[in-house]
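Structure first, commentary second.
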Amino acid sequence: MTQPPGRSVLSSTSAADDPPPLPAWCIDPPDDQSKSAWKTRRFAACLINYASVGVYDTTTRALLGRTMINYLHFIGMFNDSLELTDVFAIVRFYSEGELVPDDALSFRLAVSCSYGCTAGDFGPPIALPENSTRYLTPSVPHLVNVPFDGIRTVITTYELQLTHPGGDTEMINVFPPEKGPYPSPDIRCDRILGGAGCVIPSFIPTLDGLSAYPTVSAHIKRAQASGLPGAPGTTPLHRLADPAKVRRNRDTACPDSLPRPPGLTCDEYPMARTWEGAWTSGGAYSTDMVLDMDNSGAGGKFGALVTRDRLLDRDAFWVDPN
């Protein structure tokens, strides 16, 4: 099950000498997504990117030199807060032309929020000497304004600005267009599931830990092997929030007329609390008699996933029976 980041991971330190601890999946390049694209988890997004920076004379627009930069950007959110915060790390290396390693190149990260979001400020420009990593977080986190019992999806947009004063002539960086302002993934915040919190809705969480309930786990394995959806990496299931529809799903798959041997109860897959359930989907489903304690335990695991990962109606998720 996805774990939301702890607050200590993203303590606010403007221009810190040392970075806050970041998760390994963010720092390590190998991932199912390539560099220069956001890697996502339910409560975070991470971008690793490279750029060639051209420094130009602001009067003549003549190219004066180039330098390379590498930056890492981590955006974190929480399942119990409407705050969003960042860790931004940048290092400069390899200068050519009129640029030299100790040139007073400086950088600033400007941020803006879409409607309903107030952006924190990363602060004034900071010196960026060669081969010296700089870390930055906003002194005040971004804050999303969500209506009571409502949902709001926002995007934060960032522009990395580099400048270099060169004697009597100011020189300024000009990024290639594709290295200009860049948006975050969609971030969804809600006040629907007890309190308020934010997630990356495009990231599909997984219901796991079901091996502790062996009769339910065995049923799900058989059902998925028969071609029913929900296995990790395949067509996901989608949470159903309407209690009346949930009852219709359960009554269709496990009617009261179905005999229950002593100690056993009827288990349906896909679960009644999904849109793929027996009645709402109108499609194939599987039933089996499982231990009552296993059925209750597995149901509790799903309820915990809904709460922790803020699964709203029609949100996708996978089921790992192992």
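Residue numbering restarts at 1 for every chain of the structure tokens, chains are lettered A, B, ... in their displayed order, and ligands are numbered from 1 as they appear.
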Next on the checklist: According to DSSP computed on the backbone, where in range 103-321 of chain A is there strand (DSSP E or B)? Give the residues as number ranges by chain.
Outcome noted: A: 106-113, 117-118, 126-127, 130, 134-136, 142-144, 151-154, 156-166, 169-174, 182-183, 187-190, 197-199, 206-207, 237-239, 264-269, 274, 286-291, 316-319
Next on the checklist: Please list as an MDAnalysis selection string every residue within 6 Å of Gly76 in chain A, counting only C-alpha atoms and excluding residues in the same chain fewer than 6 positions away.
Outcome noted: chainID A and resid 44 84:85
Please produce a file of the residues just selected, as an mmCIF file, in the first residue's frame, where the atoms kept are C-alpha atoms.
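Everything below was put into result24.cif:
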```cif
data_model
loop_
_atom_site.group_PDB
_atom_site.id
_atom_site.type_symbol
_atom_site.label_atom_id
_atom_site.label_comp_id
_atom_site.auth_asym_id
_atom_site.auth_seq_id
_atom_site.Cartn_x
_atom_site.Cartn_y
_atom_site.Cartn_z
ATOM 1 C CA ALA A 44 4.623 12.804 -4.811
ATOM 2 C CA LEU A 84 2.007 21.196 -1.324
ATOM 3 C CA THR A 85 5.731 21.652 -1.039
#
```
Checklist entry - Within 10 Å of Asp320 in chain A, counting only C-alpha atoms, which residues qualify if same-chain residues fewer than 5 places away don't, as a ChimeraX atom specification? => result /A:206-211,217,220-221,224,230-232
Checklist entry - Where does DSSP see helix (DSSP H, G or I) in range 177-258 of chain A, if you list the residues as a list in words? => result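 Of range 177-258 of chain A, the ones in helix (DSSP H, G or I) are Pro177, Glu178, Lys179, Leu210, Ser211, Ala212, Pro214, Thr215, Val216, Ser217, Ala218, His219, Ile220, Lys221, Arg222, Ala223, Gln224, Ala225, Pro243, Ala244, Lys245, Val246, Arg247, Arg248, Asn249, Arg250, Asp251, Thr252 and Ala253 of chain A.
In terms of minimum interatomic distance to Leu305 in chain A, A:Arg42 ranks closest within A:Asn322, A:Asp292, A:Val111, A:Arg42, counting only C-alpha atoms.
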Checklist entry - Which residues come within 7 Å of Tyr71 in chain A, counting only C-alpha atoms, excluding same-chain residues fewer than 3 positions away, as a list in words? => result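 Surrounding residues, per the criterion: Ile48, Asn49, Tyr50, Ala89, Ile90 and Val91 of chain A.
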Checklist entry - Leaving out range 307-314 of chain A and any residue of its chain fewer than 5 positions from it, which residues lie within 6 Å of it when counting only C-alpha atoms, given as an NGL selection string? => result :A and (238-241)
Just the selected residues (N, CA and C atoms), exported as a compact mmCIF listing (two decimals), in the first residue's frame, please.
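Result file selection.txt:
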```txt
# COMPACT_ATOMS: atom_id res chain seq x y z
N HIS A 238 -12.27 0.08 -10.32
CA HIS A 238 -12.58 1.47 -9.99
C HIS A 238 -13.52 1.51 -8.80
N ARG A 239 -13.18 2.31 -7.82
CA ARG A 239 -13.97 2.36 -6.60
C ARG A 239 -15.39 2.86 -6.86
N LEU A 240 -16.36 2.22 -6.25
CA LEU A 240 -17.76 2.61 -6.29
C LEU A 240 -18.14 3.13 -4.92
N ALA A 241 -18.61 4.38 -4.85
CA ALA A 241 -18.91 5.01 -3.56
C ALA A 241 -20.39 4.97 -3.19
```
Checklist entry - Which residues, written as a list in words, have at least one atom at most 6 Å from Tyr158 in chain A, with only C-alpha atoms counted and residues fewer than 5 positions away on the same chain left out? => result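 The filter keeps Ala110, Val111, Pro181 and Tyr182 of chain A.
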Resulting file, chosen residues, N, CA and C atoms, as a PDB file, in the first residue's frame:
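Okay, result_18.pdb is ready:
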```pdb
ATOM      1  N   ALA A 110      10.943  30.497 -10.201  1.00  0.00           N
ATOM      2  CA  ALA A 110       9.656  31.196 -10.063  1.00  0.00           C
ATOM      3  C   ALA A 110       8.540  30.172 -10.172  1.00  0.00           C
ATOM      4  N   VAL A 111       7.509  30.310  -9.335  1.00  0.00           N
ATOM      5  CA  VAL A 111       6.424  29.335  -9.316  1.00  0.00           C
ATOM      6  C   VAL A 111       5.086  30.061  -9.367  1.00  0.00           C
ATOM      7  N   PRO A 181       9.348  27.212 -18.940  1.00  0.00           N
ATOM      8  CA  PRO A 181       8.425  26.873 -17.841  1.00  0.00           C
ATOM      9  C   PRO A 181       7.859  25.464 -18.005  1.00  0.00           C
ATOM     10  N   TYR A 182       7.762  24.763 -16.902  1.00  0.00           N
ATOM     11  CA  TYR A 182       7.260  23.392 -16.958  1.00  0.00           C
ATOM     12  C   TYR A 182       6.213  23.185 -15.868  1.00  0.00           C
TER      13      TYR A 182
END
```
